Structure formats: C-alpha cells, structure tokens
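Asks: Dropping a structure here in structure tokens format, bear with me for questions.
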Amino acid sequence: MKKTLLLFLFFLFALTGCNLVKLAESSLYPFAKVNKKYQVPDVPPEHYGQTTFQFSGEDGSPVSVHAWYYQHPNNVRRTLVYFHGNGENLKSLSDGNFLKAMEVRLNANFVVIDYPSYGRSVGTTNEYNFVTGASMAIEWAARNFPTTKIIVWGRSMGAGVATLAAGRMQHMISGLILTSPWTNFYEVAVFKTSMAKDLPKEWIAKNNYNSAAVAPSIRVPILIHHGLKDKIIPIKFGRTLSALFPNNTATLKEIPNKEHNDIFQEQSLWSDISAFQL
C-alpha cells in the first residue's frame, strides 16, 4: 500500500474512532478486495492440479488452505513452492500471467497456495495460520515430488511467510528465494507512520512475520531481489535482512529502476531464479 494512502487511513481512524487493529488488518490482509476482483474458480487452469491442506488454527477453528500445482512434462530437478503477496490470489496470478511465466521460464514443478480467507481458502488471517499452511505445502511438495530439490519462494508479505516456513522446514528444502522482503511487518508499518506504534503488542505478536528473527537460523542458500525504487517495502529492509543470514549464504540483487509492483518485469530476476540451485 502506498504511503499516502496508509497515512490517509490512519488519519481517518483518528477522525472516526475506527478500531486501529481492524485498520491494520485491512491493510495487511486486503483479501475481501482481492477476492471481489479475482474470483478463484472451482477448476484450476488446464494442466494444473489442485489440493487442500486442512488443520486446526491456533484458536481451534478449522483452516483449509487451497493450492494449485503444476507438474512439468519433463524430468526436472526442482520444485518451487511459491507464496504470493498480500494483494494477490491464485486467480490474479493466473490472469496476470505470472503462473504462465513460471511454467515457461523456470523449468520446474511448482506449488502455489492461497492464504486463509484468500480465494477458496478458509480460516482466520494471522501468522500462525499462514505459516502453518505454508509449511504443509512444503511438506506436500517434498512428498509428491521426492526426486526434486524443494525451493521456497516468497514475494512481499509472502517473503515473510516463506522465511518463517523455511525456518521450520529447512530440513526439507534446498534453497530460499525472497522478492522484495521486509524485516518484519511492524518495522515497515512504523516506517510509514508513527501511529503504528499504538498497535497492541498482542496483535503484533500474532501478525508480525518477523523474518529478521528467523534469518540467523537458516542455513540453506538464499537469493534476494529488491527494487531500488521500491516505496512500499524500501530497499533498506531487504539490505538489513540479507545481512542477517549466516555465513554469507544470502545473495542480494538490487534491481535499478524497479519498484515494488514492476520487479517481475526485470529479465535478470527470472534468469537468476532459473539458475538457482540447479
């Protein structure tokens, strides 16, 4: 979300007495807007399969995470498990030709999930549910594509999900790719407006996606891309996170002239990912 819009929303909170937590949740998890614009169909695109991962949420409520997967027609060496940003779902990734780009450019199997409340996934939006669903997707990929390397990839908020899930599941994975990552949600929110400091600590603890805390424990190779003109998650967050991974395991590629939402137009990003952990 752009800084000006976020500031307007916080100003609106001050005028109307809206609940600050609800405002933060609508900014971090805009699933209603996404789902209204992009309705995920019952049947996935041709040549794709689908599956679901079911579990009990932290509060005991049922959670169902919906996934699409693609099995490459050739004998490939890698399977990518991808976690999208907070303003996307499976339908938007399909309509925007992102999934087709993965098919054509990356020579790999892949699995892509929708977070709880996104698309056809069901459940409360919070870190526990998102990361648990992501971890189950990694486990499913390792079980169903056992002869391939499992590479975890996340973008924006999905980079936070990917990092936390990779920390849990690194015994199953061979690499981690992060596109436009943050250190944690709270630091980005405070960077945009000091009013974020008033968010309850209990809410932050359940929705922070603290990649910075997990990074030192991750031992697999990491590839990071970040646009130098990114105003949503500025490059300083990617630089800080990159330095926290141990023993120079992280390679940071800073992309000139790219912002947050046009970074996939950079051809070198696709070339880097195509060559990663072959």
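Simple scheme: letters A, B, ... for chains in structure tokens order, numbers from 1 for residues in each chain, numbers from 1 for ligands in the order shown.
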Please provide the set of residues having any atom within 10 Å of Ser274 (chain A), restricted to only C-alpha atoms, with same-chain residues fewer than 6 positions apart removed, written as an mmCIF file with N, CA and C atoms, in the first residue's frame.

Replies:
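Now in selection-v3.cif:
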```
data_model
loop_
_atom_site.group_PDB
_atom_site.id
_atom_site.type_symbol
_atom_site.label_atom_id
_atom_site.label_comp_id
_atom_site.auth_asym_id
_atom_site.auth_seq_id
_atom_site.Cartn_x
_atom_site.Cartn_y
_atom_site.Cartn_z
ATOM 1 N N ARG A 78 13.897 -29.385 -9.923
ATOM 2 C CA ARG A 78 13.454 -28.506 -8.844
ATOM 3 C C ARG A 78 11.930 -28.430 -8.771
ATOM 4 N N MET A 102 6.102 -18.707 -14.806
ATOM 5 C CA MET A 102 6.782 -19.759 -14.061
ATOM 6 C C MET A 102 6.897 -21.028 -14.908
ATOM 7 N N ARG A 105 9.493 -20.103 -18.005
ATOM 8 C CA ARG A 105 10.839 -19.598 -17.749
ATOM 9 C C ARG A 105 11.662 -20.414 -16.762
ATOM 10 N N LEU A 106 11.027 -21.194 -15.896
ATOM 11 C CA LEU A 106 11.766 -21.725 -14.757
ATOM 12 C C LEU A 106 12.061 -23.218 -14.822
ATOM 13 N N ASN A 107 11.495 -23.936 -15.772
ATOM 14 C CA ASN A 107 11.831 -25.351 -15.957
ATOM 15 C C ASN A 107 11.762 -26.116 -14.635
ATOM 16 N N ALA A 108 10.605 -26.010 -13.981
ATOM 17 C CA ALA A 108 10.440 -26.613 -12.658
ATOM 18 C C ALA A 108 8.974 -26.957 -12.424
ATOM 19 N N SER A 268 16.586 -10.147 -15.622
ATOM 20 C CA SER A 268 17.664 -10.796 -14.872
ATOM 21 C C SER A 268 17.129 -11.542 -13.651
#
```

Asks: Skip region 59-61 of chain A itself and residues of its chain fewer than 2 positions away, then list as a ChimeraX atom specification all residues within 10 Å of it, counting only C-alpha atoms.

Replies: /A:55-57,63,123-124,128-129

Asks: Restricted to C-alpha atoms, what would the selected residues look like written as a JSON list (two decimals), in the first residue's frame?

Replies:
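Once written, again25.json looks like this:
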```json
[["chain", "number", "residue", "atom", "x", "y", "z"],
["A", 55, "PHE", "CA", -5.64, -28.18, 10.10],
["A", 56, "SER", "CA", -6.89, -26.54, 13.28],
["A", 57, "GLY", "CA", -5.96, -22.91, 13.78],
["A", 63, "VAL", "CA", -8.49, -23.93, 8.42],
["A", 123, "GLY", "CA", -9.75, -19.59, 8.05],
["A", 124, "THR", "CA", -8.66, -16.65, 10.15],
["A", 128, "TYR", "CA", 0.12, -18.95, 12.70],
["A", 129, "ASN", "CA", -2.42, -19.98, 10.06]]
```

Asks: Report, in Å to a single decimal, how far apart CA of Pro256 (chain A) and CA of Pro30 (chain A) are.

Replies: 28.5 Å

Asks: Take CA of Ile255 (chain A) and CA of Ile218 (chain A) and report the distance between them in Å, one decimal.

Replies: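 About the pair CA of Ile255 (chain A) and CA of Ile218 (chain A): they are 24.0 Å apart.
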
Asks: Quick one: which region 211-271 of chain A residues come within 7 Å of region 150-170 of chain A, and what is the nearest atom pair for each with the distance in Å to one decimal, counting only C-alpha atoms, rows ordered by chain and ascending number, as a Markdown table?

Replies:
```
| residue | atom | partner | partner_atom | distance |
| --- | --- | --- | --- | --- |
| A:Ser211 | CA | A:Gly160 | CA | 5.6 |
| A:Val214 | CA | A:Gly167 | CA | 6.4 |
| A:Ser217 | CA | A:Gly167 | CA | 6.9 |
| A:Ile218 | CA | A:Gly167 | CA | 5.8 |
```

Asks: Would you save the residues from that selection as a short mmCIF file (atom, residue, chain, number, x, y, z; two decimals), in the first residue's frame, using C-alpha atoms?

Replies:
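As written to disk, part-v8.cif reads:
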```cif
data_model
loop_
_atom_site.label_atom_id
_atom_site.label_comp_id
_atom_site.auth_asym_id
_atom_site.auth_seq_id
_atom_site.Cartn_x
_atom_site.Cartn_y
_atom_site.Cartn_z
CA SER A 211 11.91 -12.63 9.13
CA VAL A 214 14.41 -16.29 11.91
CA SER A 217 18.98 -19.85 11.90
CA ILE A 218 18.52 -20.56 8.18
#
```

Asks: So that I can check the surroundings of region 202-205 of chain A, please list as a VMD selection string every protein, DNA and RNA residue that reaches within 9 Å of it, counting only C-alpha atoms and ignoring chain neighbours fewer than 6 positions away.

Replies: chain A and resid 21 127 185 to 186

Asks: Name all residues at most 10 Å from Lys229 (chain A) (count only C-alpha atoms; drop same-chain ones fewer than 3 positions away) and give them as a list in words.

Replies: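 The neighbour list is His226, Ile232, Ile233, Pro234, Ile235, Glu254, Ile255, Pro256, Asn257, Lys258, Glu259, His260 and Ile263 of chain A.
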
Asks: Those same residues - N, CA and C atoms - I'd like them written as a short mmCIF file (atom, residue, chain, number, x, y, z; two decimals), in the first residue's frame.

Replies:
```
data_model
loop_
_atom_site.label_atom_id
_atom_site.label_comp_id
_atom_site.auth_asym_id
_atom_site.auth_seq_id
_atom_site.Cartn_x
_atom_site.Cartn_y
_atom_site.Cartn_z
N HIS A 226 15.48 -7.07 -4.88
CA HIS A 226 14.76 -5.93 -4.31
C HIS A 226 14.96 -4.73 -5.23
N ILE A 232 7.05 0.78 -1.26
CA ILE A 232 6.16 0.05 -0.36
C ILE A 232 6.97 -0.68 0.71
N ILE A 233 7.99 -1.44 0.28
CA ILE A 233 8.97 -2.02 1.21
C ILE A 233 10.34 -1.55 0.71
N PRO A 234 10.83 -0.43 1.21
CA PRO A 234 12.07 0.14 0.67
C PRO A 234 13.27 -0.80 0.77
N ILE A 235 14.25 -0.57 -0.08
CA ILE A 235 15.42 -1.42 -0.21
C ILE A 235 16.16 -1.60 1.10
N GLU A 254 20.20 -6.05 -6.15
CA GLU A 254 19.47 -4.79 -6.13
C GLU A 254 19.14 -4.40 -7.57
N ILE A 255 17.84 -4.21 -7.85
CA ILE A 255 17.38 -4.01 -9.21
C ILE A 255 17.15 -2.51 -9.47
N PRO A 256 17.98 -1.88 -10.30
CA PRO A 256 17.81 -0.45 -10.60
C PRO A 256 16.49 -0.18 -11.32
N ASN A 257 15.91 0.98 -11.04
CA ASN A 257 14.74 1.49 -11.77
C ASN A 257 13.48 0.63 -11.60
N LYS A 258 13.48 -0.27 -10.61
CA LYS A 258 12.28 -1.08 -10.37
C LYS A 258 11.69 -0.76 -9.00
N GLU A 259 10.35 -0.76 -8.97
CA GLU A 259 9.61 -0.52 -7.73
C GLU A 259 9.08 -1.85 -7.19
N HIS A 260 8.03 -1.76 -6.39
CA HIS A 260 7.52 -2.97 -5.75
C HIS A 260 6.73 -3.85 -6.71
N ILE A 263 8.74 -5.34 -10.40
CA ILE A 263 10.04 -6.01 -10.31
C ILE A 263 10.09 -7.26 -11.18
#
```

Asks: Could you check the closest approach to Ile177 (chain A) for each of A:Asp272, A:Asp198, A:Glu88, A:Asp262 and tell me which residue wins, using only C-alpha atoms?

Replies: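 Once distances to Ile177 (chain A) are computed over only C-alpha atoms, the minimum belongs to A:Asp272.
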
Asks: Out of region 33-208 of chain A, which residues get alpha helix (DSSP H) from DSSP, as an MDAnalysis selection string?

Replies: chainID A and resid 33:37 90:95 98:106 127:144 157:169 185:192 201:207

Asks: Can I get the selected residues back with C-alpha atoms, as an mmCIF file, in the first residue's frame?

Replies:
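New file out20.cif:
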```cif
data_model
loop_
_atom_site.group_PDB
_atom_site.id
_atom_site.type_symbol
_atom_site.label_atom_id
_atom_site.label_comp_id
_atom_site.auth_asym_id
_atom_site.auth_seq_id
_atom_site.Cartn_x
_atom_site.Cartn_y
_atom_site.Cartn_z
ATOM 1 C CA LYS A 33 -10.949 -6.547 -2.084
ATOM 2 C CA VAL A 34 -8.762 -9.128 -3.802
ATOM 3 C CA ASN A 35 -11.434 -11.828 -3.801
ATOM 4 C CA LYS A 36 -14.058 -9.451 -5.148
ATOM 5 C CA LYS A 37 -11.888 -8.550 -8.125
ATOM 6 C CA LEU A 90 -4.419 -17.654 -7.363
ATOM 7 C CA LYS A 91 -6.777 -16.070 -9.898
ATOM 8 C CA SER A 92 -4.816 -12.801 -10.052
ATOM 9 C CA LEU A 93 -1.575 -14.748 -10.524
ATOM 10 C CA SER A 94 -3.196 -16.630 -13.393
ATOM 11 C CA ASP A 95 -4.805 -13.592 -15.013
ATOM 12 C CA PHE A 98 2.657 -14.930 -13.512
ATOM 13 C CA LEU A 99 1.916 -18.649 -13.383
ATOM 14 C CA LYS A 100 2.482 -18.940 -17.131
ATOM 15 C CA ALA A 101 5.835 -17.193 -16.693
ATOM 16 C CA MET A 102 6.782 -19.759 -14.061
ATOM 17 C CA GLU A 103 5.854 -22.540 -16.483
ATOM 18 C CA VAL A 104 7.799 -21.131 -19.411
ATOM 19 C CA ARG A 105 10.839 -19.598 -17.749
ATOM 20 C CA LEU A 106 11.766 -21.725 -14.757
ATOM 21 C CA GLU A 127 0.696 -15.541 11.129
ATOM 22 C CA TYR A 128 0.117 -18.955 12.696
ATOM 23 C CA ASN A 129 -2.422 -19.981 10.064
ATOM 24 C CA PHE A 130 -0.438 -18.573 7.136
ATOM 25 C CA VAL A 131 2.855 -20.172 8.140
ATOM 26 C CA THR A 132 1.279 -23.486 9.117
ATOM 27 C CA GLY A 133 -0.441 -23.691 5.730
ATOM 28 C CA ALA A 134 2.816 -22.762 4.006
ATOM 29 C CA SER A 135 4.713 -25.431 5.936
ATOM 30 C CA MET A 136 2.155 -28.056 4.929
ATOM 31 C CA ALA A 137 2.555 -27.014 1.288
ATOM 32 C CA ILE A 138 6.327 -27.528 1.554
ATOM 33 C CA GLU A 139 5.818 -30.937 3.127
ATOM 34 C CA TRP A 140 3.297 -31.871 0.406
ATOM 35 C CA ALA A 141 5.733 -30.805 -2.336
ATOM 36 C CA ALA A 142 8.550 -32.858 -0.806
ATOM 37 C CA ARG A 143 6.294 -35.897 -0.573
ATOM 38 C CA ASN A 144 4.810 -35.597 -4.066
ATOM 39 C CA MET A 157 4.405 -10.350 2.658
ATOM 40 C CA GLY A 158 4.833 -13.794 1.123
ATOM 41 C CA ALA A 159 8.576 -13.405 1.650
ATOM 42 C CA GLY A 160 7.829 -13.186 5.360
ATOM 43 C CA VAL A 161 5.668 -16.299 5.152
ATOM 44 C CA ALA A 162 8.370 -18.051 3.130
ATOM 45 C CA THR A 163 11.144 -17.175 5.578
ATOM 46 C CA LEU A 164 9.223 -18.374 8.620
ATOM 47 C CA ALA A 165 8.132 -21.566 6.875
ATOM 48 C CA ALA A 166 11.681 -22.181 5.634
ATOM 49 C CA GLY A 167 12.917 -21.834 9.195
ATOM 50 C CA ARG A 168 10.528 -24.599 10.258
ATOM 51 C CA MET A 169 11.079 -26.852 7.257
ATOM 52 C CA PHE A 185 5.680 -6.059 9.425
ATOM 53 C CA TYR A 186 5.916 -3.785 12.468
ATOM 54 C CA GLU A 187 9.112 -2.083 11.324
ATOM 55 C CA VAL A 188 7.631 -1.370 7.888
ATOM 56 C CA ALA A 189 4.413 -0.030 9.430
ATOM 57 C CA VAL A 190 6.301 2.283 11.784
ATOM 58 C CA PHE A 191 8.487 3.459 8.899
ATOM 59 C CA LYS A 192 5.320 4.547 7.104
ATOM 60 C CA LYS A 201 1.588 -5.805 21.289
ATOM 61 C CA GLU A 202 -0.660 -8.858 21.348
ATOM 62 C CA TRP A 203 -1.807 -8.203 17.789
ATOM 63 C CA ILE A 204 1.729 -7.545 16.548
ATOM 64 C CA ALA A 205 2.917 -10.804 18.130
ATOM 65 C CA LYS A 206 0.352 -12.723 16.059
ATOM 66 C CA ASN A 207 0.863 -10.828 12.779
#
```

Asks: Based on the backbone DSSP call, show me all residues of region 36-278 of chain A assigned strand (DSSP E or B), as a count of residues only.

Replies: 54

Asks: So how far away is CA of Asp230 (chain A) from CA of Ser194 (chain A), in Å?

Replies: 19.8 Å
